[in-house]
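**Q** I'm passing along work_38.cif; it holds mmCIF, C-alpha atoms.
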data_run
#
loop_
_atom_site.group_PDB
_atom_site.id
_atom_site.type_symbol
_atom_site.label_atom_id
_atom_site.label_comp_id
_atom_site.auth_asym_id
_atom_site.auth_seq_id
_atom_site.Cartn_x
_atom_site.Cartn_y
_atom_site.Cartn_z
ATOM 1 C CA MET A 1 81.888 113.065 105.944
ATOM 2 C CA ASN A 2 82.149 109.635 104.336
ATOM 3 C CA LYS A 3 82.744 106.992 107.003
ATOM 4 C CA ASP A 4 85.540 105.590 104.815
ATOM 5 C CA ALA A 5 87.489 108.747 105.631
ATOM 6 C CA LEU A 6 88.004 107.333 109.148
ATOM 7 C CA ILE A 7 89.748 104.206 107.872
ATOM 8 C CA PRO A 8 93.416 104.513 106.884
ATOM 9 C CA SER A 9 94.484 103.045 103.578
ATOM 10 C CA VAL A 10 98.006 102.265 102.446
ATOM 11 C CA GLY A 11 99.567 104.685 100.013
ATOM 12 C CA VAL A 12 102.831 104.773 98.127
ATOM 13 C CA VAL A 13 105.073 107.823 97.779
ATOM 14 C CA THR A 14 105.887 108.056 94.064
ATOM 15 C CA ASP A 15 107.724 111.385 93.991
ATOM 16 C CA ILE A 16 109.432 113.746 96.445
ATOM 17 C CA ARG A 17 110.284 117.318 95.466
ATOM 18 C CA LYS A 18 112.421 119.596 97.631
ATOM 19 C CA ASP A 19 110.834 123.048 97.473
ATOM 20 C CA THR A 20 112.822 124.897 100.128
ATOM 21 C CA PRO A 21 115.447 123.945 102.747
ATOM 22 C CA ASP A 22 112.647 122.802 105.093
ATOM 23 C CA VAL A 23 109.683 122.052 102.769
ATOM 24 C CA LYS A 24 109.215 118.949 100.630
ATOM 25 C CA THR A 25 106.254 117.994 98.425
ATOM 26 C CA PHE A 26 105.184 114.340 98.503
ATOM 27 C CA ARG A 27 103.158 112.680 95.752
ATOM 28 C CA VAL A 28 100.982 109.808 96.998
ATOM 29 C CA VAL A 29 98.924 107.116 95.234
ATOM 30 C CA GLY A 30 97.133 104.018 96.489
ATOM 31 C CA LEU A 31 98.520 100.494 96.236
ATOM 32 C CA ASP A 32 96.586 100.213 92.972
ATOM 33 C CA GLY A 33 98.522 103.165 91.568
ATOM 34 C CA LYS A 34 95.448 105.396 91.557
ATOM 35 C CA LYS A 35 94.447 108.523 93.453
ATOM 36 C CA PRO A 36 93.442 107.435 96.998
ATOM 37 C CA PHE A 37 90.239 109.562 97.170
ATOM 38 C CA GLU A 38 88.537 112.686 95.804
ATOM 39 C CA HIS A 39 88.616 116.009 97.647
ATOM 40 C CA ILE A 40 87.616 119.687 97.513
ATOM 41 C CA PRO A 41 90.284 122.443 97.457
ATOM 42 C CA GLY A 42 91.107 123.357 101.048
ATOM 43 C CA GLN A 43 90.454 119.949 102.568
ATOM 44 C CA CYS A 44 93.014 118.013 104.625
ATOM 45 C CA ALA A 45 94.129 114.428 105.164
ATOM 46 C CA PHE A 46 96.047 112.446 107.779
ATOM 47 C CA LEU A 47 99.399 110.919 106.911
ATOM 48 C CA SER A 48 100.786 108.407 109.368
ATOM 49 C CA MET A 49 103.256 105.627 110.004
ATOM 50 C CA PRO A 50 102.579 103.063 112.751
ATOM 51 C CA GLY A 51 105.063 103.460 115.566
ATOM 52 C CA VAL A 52 106.008 106.983 114.496
ATOM 53 C CA GLY A 53 102.860 109.114 114.575
ATOM 54 C CA GLU A 54 100.111 110.761 112.583
ATOM 55 C CA ALA A 55 99.532 114.364 111.520
ATOM 56 C CA LEU A 56 97.016 116.370 109.513
ATOM 57 C CA PHE A 57 98.127 118.164 106.341
ATOM 58 C CA SER A 58 96.484 120.242 103.629
ATOM 59 C CA ILE A 59 96.075 118.534 100.279
ATOM 60 C CA THR A 60 98.000 120.771 97.899
ATOM 61 C CA SER A 61 97.109 119.161 94.559
ATOM 62 C CA SER A 62 93.956 120.217 92.737
ATOM 63 C CA PRO A 63 90.915 117.897 92.530
ATOM 64 C CA THR A 64 91.265 118.276 88.762
ATOM 65 C CA ASN A 65 94.415 116.161 89.015
ATOM 66 C CA GLU A 66 93.015 112.650 88.624
ATOM 67 C CA GLU A 67 96.261 110.728 89.102
ATOM 68 C CA TYR A 68 97.570 111.440 92.627
ATOM 69 C CA LEU A 69 97.438 113.566 95.779
ATOM 70 C CA GLU A 70 100.220 115.928 96.818
ATOM 71 C CA PHE A 71 101.212 117.320 100.215
ATOM 72 C CA SER A 72 103.734 120.147 100.776
ATOM 73 C CA ILE A 73 105.114 119.582 104.263
ATOM 74 C CA LYS A 74 107.342 121.816 106.381
ATOM 75 C CA LYS A 75 109.776 120.041 108.694
ATOM 76 C CA CYS A 76 108.814 121.234 112.166
ATOM 77 C CA GLY A 77 108.284 118.236 114.462
ATOM 78 C CA CYS A 78 108.577 114.497 115.069
ATOM 79 C CA VAL A 79 106.216 113.286 112.323
ATOM 80 C CA THR A 80 107.401 115.789 109.732
ATOM 81 C CA GLU A 81 111.032 114.970 110.557
ATOM 82 C CA TRP A 82 110.298 111.334 109.741
ATOM 83 C CA LEU A 83 108.407 112.233 106.560
ATOM 84 C CA HIS A 84 111.359 114.272 105.343
ATOM 85 C CA GLN A 85 113.519 111.155 105.649
ATOM 86 C CA MET A 86 111.237 109.113 103.386
ATOM 87 C CA GLU A 87 112.335 107.886 99.981
ATOM 88 C CA VAL A 88 110.385 107.300 96.788
ATOM 89 C CA GLY A 89 108.690 103.904 96.876
ATOM 90 C CA GLN A 90 108.054 103.821 100.617
ATOM 91 C CA GLN A 91 104.563 103.156 101.933
ATOM 92 C CA ILE A 92 102.532 105.398 104.212
ATOM 93 C CA THR A 93 98.991 105.299 105.561
ATOM 94 C CA ILE A 94 96.539 107.992 104.517
ATOM 95 C CA ARG A 95 92.970 108.830 105.486
ATOM 96 C CA GLY A 96 90.610 111.618 104.523
ATOM 97 C CA PRO A 97 89.443 113.986 103.268
ATOM 98 C CA TYR A 98 88.420 116.221 106.175
ATOM 99 C CA GLY A 99 86.963 119.722 106.438
ATOM 100 C CA ASN A 100 84.640 121.813 104.297
ATOM 101 C CA GLY A 101 87.034 123.212 101.655
ATOM 102 C CA PHE A 102 86.697 126.382 99.584
ATOM 103 C CA PRO A 103 83.332 127.149 97.894
ATOM 104 C CA VAL A 104 84.817 126.906 94.392
ATOM 105 C CA GLU A 105 81.539 125.851 92.773
ATOM 106 C CA THR A 106 79.306 128.329 94.609
ATOM 107 C CA ALA A 107 80.597 131.582 96.144
ATOM 108 C CA PHE A 108 83.786 131.737 94.054
ATOM 109 C CA LYS A 109 82.203 130.961 90.710
ATOM 110 C CA GLY A 110 82.149 133.878 88.264
ATOM 111 C CA LYS A 111 84.244 136.085 90.582
ATOM 112 C CA ASP A 112 87.602 137.790 90.210
ATOM 113 C CA MET A 113 89.921 136.160 92.756
ATOM 114 C CA VAL A 114 92.744 137.461 94.958
ATOM 115 C CA PHE A 115 94.982 134.903 96.674
ATOM 116 C CA ILE A 116 97.319 136.149 99.411
ATOM 117 C CA ALA A 117 99.804 133.789 101.068
ATOM 118 C CA GLY A 118 102.832 133.854 103.323
ATOM 119 C CA GLY A 119 105.445 131.098 103.639
ATOM 120 C CA ILE A 120 104.031 127.568 103.758
ATOM 121 C CA GLY A 121 100.577 129.204 103.588
ATOM 122 C CA LEU A 122 100.805 128.919 99.811
ATOM 123 C CA ALA A 123 100.431 125.137 100.115
ATOM 124 C CA PRO A 124 96.674 125.068 100.913
ATOM 125 C CA LEU A 125 96.045 127.770 98.288
ATOM 126 C CA ARG A 126 97.896 125.878 95.545
ATOM 127 C CA SER A 127 95.006 123.414 95.347
ATOM 128 C CA VAL A 128 92.366 126.090 94.714
ATOM 129 C CA ILE A 129 94.620 128.189 92.461
ATOM 130 C CA ASN A 130 95.251 125.238 90.165
ATOM 131 C CA TYR A 131 91.564 124.355 90.284
ATOM 132 C CA VAL A 132 90.784 127.855 89.012
ATOM 133 C CA ARG A 133 93.505 127.511 86.353
ATOM 134 C CA ASP A 134 91.985 124.264 85.089
ATOM 135 C CA LYS A 135 88.481 125.750 84.987
ATOM 136 C CA ARG A 136 89.278 129.244 83.703
ATOM 137 C CA GLU A 137 85.891 129.675 82.030
ATOM 138 C CA ASN A 138 84.230 129.703 85.474
ATOM 139 C CA TYR A 139 86.299 132.490 87.056
ATOM 140 C CA GLY A 140 87.427 136.043 86.334
ATOM 141 C CA LYS A 141 90.822 137.648 86.727
ATOM 142 C CA VAL A 142 93.225 136.181 89.271
ATOM 143 C CA THR A 143 95.735 138.076 91.414
ATOM 144 C CA ILE A 144 98.279 136.215 93.553
ATOM 145 C CA VAL A 145 100.345 137.940 96.243
ATOM 146 C CA TYR A 146 102.910 135.656 97.869
ATOM 147 C CA GLY A 147 105.777 136.357 100.222
ATOM 148 C CA SER A 148 108.347 134.472 102.272
ATOM 149 C CA ARG A 149 111.383 135.161 104.449
ATOM 150 C CA SER A 150 113.781 134.851 101.485
ATOM 151 C CA ASP A 151 113.741 133.723 97.858
ATOM 152 C CA ALA A 152 115.028 130.323 98.991
ATOM 153 C CA ASP A 153 111.862 129.928 101.096
ATOM 154 C CA LEU A 154 109.363 130.473 98.253
ATOM 155 C CA VAL A 155 107.328 127.264 98.006
ATOM 156 C CA ASP A 156 106.497 125.963 94.503
ATOM 157 C CA TYR A 157 108.665 128.690 92.975
ATOM 158 C CA GLU A 158 109.359 126.741 89.775
ATOM 159 C CA GLU A 159 105.634 126.196 89.198
ATOM 160 C CA ILE A 160 104.920 129.867 89.915
ATOM 161 C CA LYS A 161 107.671 131.022 87.582
ATOM 162 C CA ASN A 162 107.030 128.579 84.729
ATOM 163 C CA GLU A 163 103.234 128.186 84.868
ATOM 164 C CA TRP A 164 101.389 130.799 86.924
ATOM 165 C CA ILE A 165 103.322 133.791 85.644
ATOM 166 C CA GLY A 166 102.225 134.267 82.058
ATOM 167 C CA GLU A 167 98.847 132.579 82.517
ATOM 168 C CA LYS A 168 96.100 134.583 80.833
ATOM 169 C CA ASP A 169 94.404 137.059 83.210
ATOM 170 C CA PHE A 170 96.818 136.087 86.015
ATOM 171 C CA ASN A 171 98.829 138.712 87.898
ATOM 172 C CA VAL A 172 101.487 137.326 90.251
ATOM 173 C CA TYR A 173 103.267 139.510 92.823
ATOM 174 C CA LEU A 174 106.165 138.008 94.790
ATOM 175 C CA THR A 175 107.994 139.553 97.725
ATOM 176 C CA ILE A 176 110.558 138.530 100.339
ATOM 177 C CA ASP A 177 111.095 139.913 103.852
ATOM 178 C CA ARG A 178 114.729 140.857 103.468
ATOM 179 C CA GLU A 179 117.147 141.524 100.622
ATOM 180 C CA THR A 180 119.353 138.759 99.241
ATOM 181 C CA GLU A 181 122.020 138.790 96.558
ATOM 182 C CA THR A 182 119.997 136.373 94.435
ATOM 183 C CA TRP A 183 116.735 138.367 94.446
ATOM 184 C CA ASP A 184 115.965 141.387 92.280
ATOM 185 C CA GLY A 185 112.222 141.511 92.931
ATOM 186 C CA HIS A 186 110.131 143.304 95.560
ATOM 187 C CA VAL A 187 111.340 143.339 99.170
ATOM 188 C CA GLY A 188 108.852 143.912 101.986
ATOM 189 C CA PHE A 189 106.152 142.267 104.075
ATOM 190 C CA VAL A 190 102.972 140.908 102.492
ATOM 191 C CA PRO A 191 100.445 143.147 104.345
ATOM 192 C CA ASN A 192 102.188 146.321 103.193
ATOM 193 C CA TYR A 193 102.643 144.994 99.665
ATOM 194 C CA VAL A 194 98.900 144.351 99.459
ATOM 195 C CA LYS A 195 98.267 148.067 100.070
ATOM 196 C CA ASP A 196 100.957 149.141 97.600
ATOM 197 C CA ILE A 197 99.496 147.031 94.781
ATOM 198 C CA GLY A 198 96.048 148.592 95.097
ATOM 199 C CA LEU A 199 93.863 145.534 94.730
ATOM 200 C CA ASP A 200 90.391 145.583 93.190
ATOM 201 C CA ASN A 201 88.050 145.552 96.192
ATOM 202 C CA THR A 202 85.223 143.925 94.228
ATOM 203 C CA ALA A 203 87.172 140.650 94.050
ATOM 204 C CA THR A 204 86.895 137.706 96.436
ATOM 205 C CA ALA A 205 90.028 137.364 98.582
ATOM 206 C CA VAL A 206 91.547 134.227 100.109
ATOM 207 C CA LEU A 207 94.245 134.450 102.824
ATOM 208 C CA CYS A 208 96.571 131.806 104.218
ATOM 209 C CA GLY A 209 99.770 132.174 106.188
ATOM 210 C CA PRO A 210 101.118 132.956 109.673
ATOM 211 C CA PRO A 211 98.446 134.382 112.028
ATOM 212 C CA ILE A 212 100.270 137.711 112.335
ATOM 213 C CA MET A 213 100.335 138.074 108.541
ATOM 214 C CA ILE A 214 96.641 137.292 108.282
ATOM 215 C CA LYS A 215 95.818 139.792 111.051
ATOM 216 C CA PHE A 216 97.541 142.748 109.368
ATOM 217 C CA THR A 217 96.595 141.732 105.824
ATOM 218 C CA LEU A 218 92.943 141.514 106.813
ATOM 219 C CA ALA A 219 93.102 145.008 108.319
ATOM 220 C CA ASN A 220 94.741 146.397 105.187
ATOM 221 C CA LEU A 221 92.201 144.729 102.897
ATOM 222 C CA GLN A 222 89.422 146.366 104.885
ATOM 223 C CA GLU A 223 91.185 149.720 104.492
ATOM 224 C CA LEU A 224 91.115 149.115 100.731
ATOM 225 C CA GLY A 225 87.351 148.609 100.889
ATOM 226 C CA PHE A 226 87.056 144.832 101.062
ATOM 227 C CA LYS A 227 84.144 143.603 103.168
ATOM 228 C CA THR A 228 84.736 140.713 105.561
ATOM 229 C CA SER A 229 82.051 138.783 103.667
ATOM 230 C CA GLN A 230 84.393 138.859 100.624
ATOM 231 C CA ILE A 231 87.392 137.409 102.467
ATOM 232 C CA TYR A 232 88.101 133.752 103.259
ATOM 233 C CA THR A 233 90.844 132.190 105.367
ATOM 234 C CA THR A 234 91.784 128.837 106.883
ATOM 235 C CA LEU A 235 92.272 127.853 110.542
ATOM 236 C CA GLU A 236 94.030 124.478 110.445
ATOM 237 C CA LEU A 237 96.321 125.329 113.348
ATOM 238 C CA LYS A 238 94.141 123.915 116.146
ATOM 239 C CA MET A 239 92.896 120.823 114.312
ATOM 240 C CA LYS A 240 93.730 117.481 115.920
ATOM 241 C CA CYS A 241 91.215 114.635 115.473
ATOM 242 C CA ALA A 242 89.448 116.189 112.415
ATOM 243 C CA ILE A 243 86.070 114.687 113.376
ATOM 244 C CA GLY A 244 84.892 116.982 116.192
ATOM 245 C CA LYS A 245 85.524 114.558 119.077
ATOM 246 C CA CYS A 246 88.626 115.750 120.923
ATOM 247 C CA GLY A 247 87.454 119.362 121.339
ATOM 248 C CA ARG A 248 90.899 120.855 120.735
ATOM 249 C CA CYS A 249 89.674 123.047 117.881
ATOM 250 C CA ASN A 250 86.455 124.223 119.538
ATOM 251 C CA VAL A 251 85.860 127.992 119.260
ATOM 252 C CA GLY A 252 82.478 129.141 120.550
ATOM 253 C CA ASP A 253 79.852 126.948 118.887
ATOM 254 C CA LYS A 254 82.187 125.921 116.051
ATOM 255 C CA TYR A 255 84.662 123.109 115.533
ATOM 256 C CA VAL A 256 87.420 124.122 113.130
ATOM 257 C CA CYS A 257 87.723 120.565 111.812
ATOM 258 C CA LYS A 258 84.010 120.062 111.102
ATOM 259 C CA ASP A 259 82.815 123.611 110.372
ATOM 260 C CA GLY A 260 86.119 124.663 108.775
ATOM 261 C CA PRO A 261 89.005 124.833 108.250
ATOM 262 C CA VAL A 262 87.778 127.323 105.636
ATOM 263 C CA PHE A 263 85.826 130.273 107.066
ATOM 264 C CA ARG A 264 84.541 133.559 105.716
ATOM 265 C CA CYS A 265 85.921 136.383 107.840
ATOM 266 C CA ASP A 266 82.516 137.753 108.802
ATOM 267 C CA GLU A 267 81.766 134.289 110.246
ATOM 268 C CA LEU A 268 84.921 134.528 112.373
ATOM 269 C CA ASN A 269 83.825 137.926 113.689
ATOM 270 C CA GLU A 270 80.843 136.209 115.306
ATOM 271 C CA LEU A 271 83.071 133.831 117.298
ATOM 272 C CA PRO A 272 84.642 134.520 120.742
ATOM 273 C CA ASN A 273 88.037 136.220 120.594
ATOM 274 C CA GLU A 274 89.937 133.142 121.716
ATOM 275 C CA TYR A 275 91.551 131.835 118.543
#
Please render this file's structure as structure tokens.
**A**
Amino acid sequence: MNKDALIPSVGVVTDIRKDTPDVKTFRVVGLDGKKPFEHIPGQCAFLSMPGVGEALFSITSSPTNEEYLEFSIKKCGCVTEWLHQMEVGQQITIRGPYGNGFPVETAFKGKDMVFIAGGIGLAPLRSVINYVRDKRENYGKVTIVYGSRSDADLVDYEEIKNEWIGEKDFNVYLTIDRETETWDGHVGFVPNYVKDIGLDNTATAVLCGPPIMIKFTLANLQELGFKTSQIYTTLELKMKCAIGKCGRCNVGDKYVCKDGPVFRCDELNELPNEY
């Protein structure tokens, strides 16, 4: 980790997009109007305001975007409540990046990819999905399975509808937990939908979402013939300091913030059952 990642810099919020009733996406640049720092898909950064608090969030924009960083943030606590009250033009401190990110230039390269997300879990995957989109020559076919409680809770729905759907060699499957009058697509939970689709078990799979979704989706992928060495997930939930000092994210001999938050599932099988 670059030591500069420990030092907050001042950023400016240049755009705020309301994705769902409780999720907003914030676009941040430095005081010079440029991207604050470079990152790898899957890495995180701290956003903070003196006197209010600081919290760690996934960077949801792709590294191929050279103009700004984006963060899709769900309102669920003190810091996020304050962030959701921000207006365009306000300043915020930012520091990062943290974590190891997805192996987009090594293990993922040349592979067919399956991305499976639930709810706000699409946010960390958006960075790597758009990275793959911008470097299509390096990757095979892409399948995206994404579900939420309702159609109103689908994060980045406009981008999915207008850009991802229709992309060459992209297959996008959307589902919601319960029927609504405004939805004519698939209704059902993500783990079951994964089995119904019949995914290609030679692809590399990436999961992100609520722990219960990941648990059952992982089991269903294994039933379909996926090996745990083909499946990646993220464990941001326990991260606190992001530099391996507070010990909050310690699991066995690993620190989620330093050794993760991205892990291959066979690596997780070697850890104590305490996460």
**Q** Could you state which residues are captured by the PyMOL selection byres ((chain A and resi 194) around 9) in this file, as a PDB file with C-alpha atoms, keeping the file's coordinate frame?
**A**
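Output (selection.pdb):
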ATOM      1  CA  ILE A 116      97.319 136.149  99.411  1.00  0.00           C
ATOM      2  CA  VAL A 145     100.345 137.940  96.243  1.00  0.00           C
ATOM      3  CA  PHE A 189     106.152 142.267 104.075  1.00  0.00           C
ATOM      4  CA  VAL A 190     102.972 140.908 102.492  1.00  0.00           C
ATOM      5  CA  PRO A 191     100.445 143.147 104.345  1.00  0.00           C
ATOM      6  CA  ASN A 192     102.188 146.321 103.193  1.00  0.00           C
ATOM      7  CA  TYR A 193     102.643 144.994  99.665  1.00  0.00           C
ATOM      8  CA  LYS A 195      98.267 148.067 100.070  1.00  0.00           C
ATOM      9  CA  ASP A 196     100.957 149.141  97.600  1.00  0.00           C
ATOM     10  CA  ILE A 197      99.496 147.031  94.781  1.00  0.00           C
ATOM     11  CA  GLY A 198      96.048 148.592  95.097  1.00  0.00           C
ATOM     12  CA  LEU A 199      93.863 145.534  94.730  1.00  0.00           C
ATOM     13  CA  THR A 217      96.595 141.732 105.824  1.00  0.00           C
ATOM     14  CA  ASN A 220      94.741 146.397 105.187  1.00  0.00           C
ATOM     15  CA  LEU A 221      92.201 144.729 102.897  1.00  0.00           C
TER      16      LEU A 221
END
**Q** Residues within 7 Å of region 18-34 of chain A, please, as a list in words. Count only C-alpha atoms; anything in the same chain fewer than 4 positions from it doesn't count.
**A**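 Answer for this query is Val10, Gly11, Val12, Val13, Thr14, Glu67, Tyr68, Leu69, Glu70, Phe71, Ser72, Ile73, Lys74, Lys75, His84, Ala152, Asp153, Leu154, Val155 and Asp156 of chain A.
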**Q** For Ala219 (chain A), list every protein, DNA or RNA residue within 12 Å, evaluated using all atoms listed in the file, and leave out those in the same chain fewer than 4 positions away; present the list as a list in words.
**A**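 Non-adjacent residues within range: Pro191, Asn192, Val194, Lys195, Leu207, Ile212, Met213, Ile214, Lys215, Glu223, Leu224, Gly225, Phe226, Lys227, Thr228, Ile231 and Cys265 of chain A.
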**Q** Output the residue selection produced by the PyMOL selection byres ((chain A and resi 257) around 10) on the file above, formatted as JSON, numbers by chain.
**A** {"A": [43, 44, 98, 99, 100, 235, 236, 237, 238, 239, 240, 241, 242, 243, 244, 245, 247, 248, 249, 250, 254, 255, 256, 258, 259, 260, 261, 262]}
**Q** Need the axis-aligned box for region 77-84 of chain A with 8 Å each side, so what are the centre and edges in Å to one decimal, as JSON?
**A**
{"center_x": 108.8, "center_y": 114.8, "center_z": 110.2, "size_x": 21.1, "size_y": 22.9, "size_z": 25.7}
**Q** Provide the CA of Arg126 (chain A) to CA of Glu163 (chain A) distance in Å, to one decimal place.
**A**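 Interatomic distance here is 12.2 Å.
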**Q** Write out as a ChimeraX atom specification the residues lying within 12 Å of Glu181 (chain A), counting all atoms listed in the file and excluding same-chain residues fewer than 6 positions away.
**A** /A:150-152,187
**Q** Let me make sure I understand: among A:Gly42, A:Cys246, A:Asp266, A:Leu174, which one has the smallest atom-to-atom distance to Pro124 (chain A) if we use only C-alpha atoms?
**A**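 Closest to Pro124 (chain A) of all the choices is A:Gly42.
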**Q** Using only C-alpha atoms, which of A:Asn138, A:Asn171, A:Ser62, A:Thr180 sits nearest Gly101 (chain A)?
**A**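 Looking at the shortest contact to Gly101 (chain A), the residue is A:Ser62.
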**Q** What is the distance between CA of Thr93 (chain A) and CA of Tyr131 (chain A), in Å to one decimal?
**A**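 CA of Tyr131 (chain A) lies 25.5 Å from CA of Thr93 (chain A).
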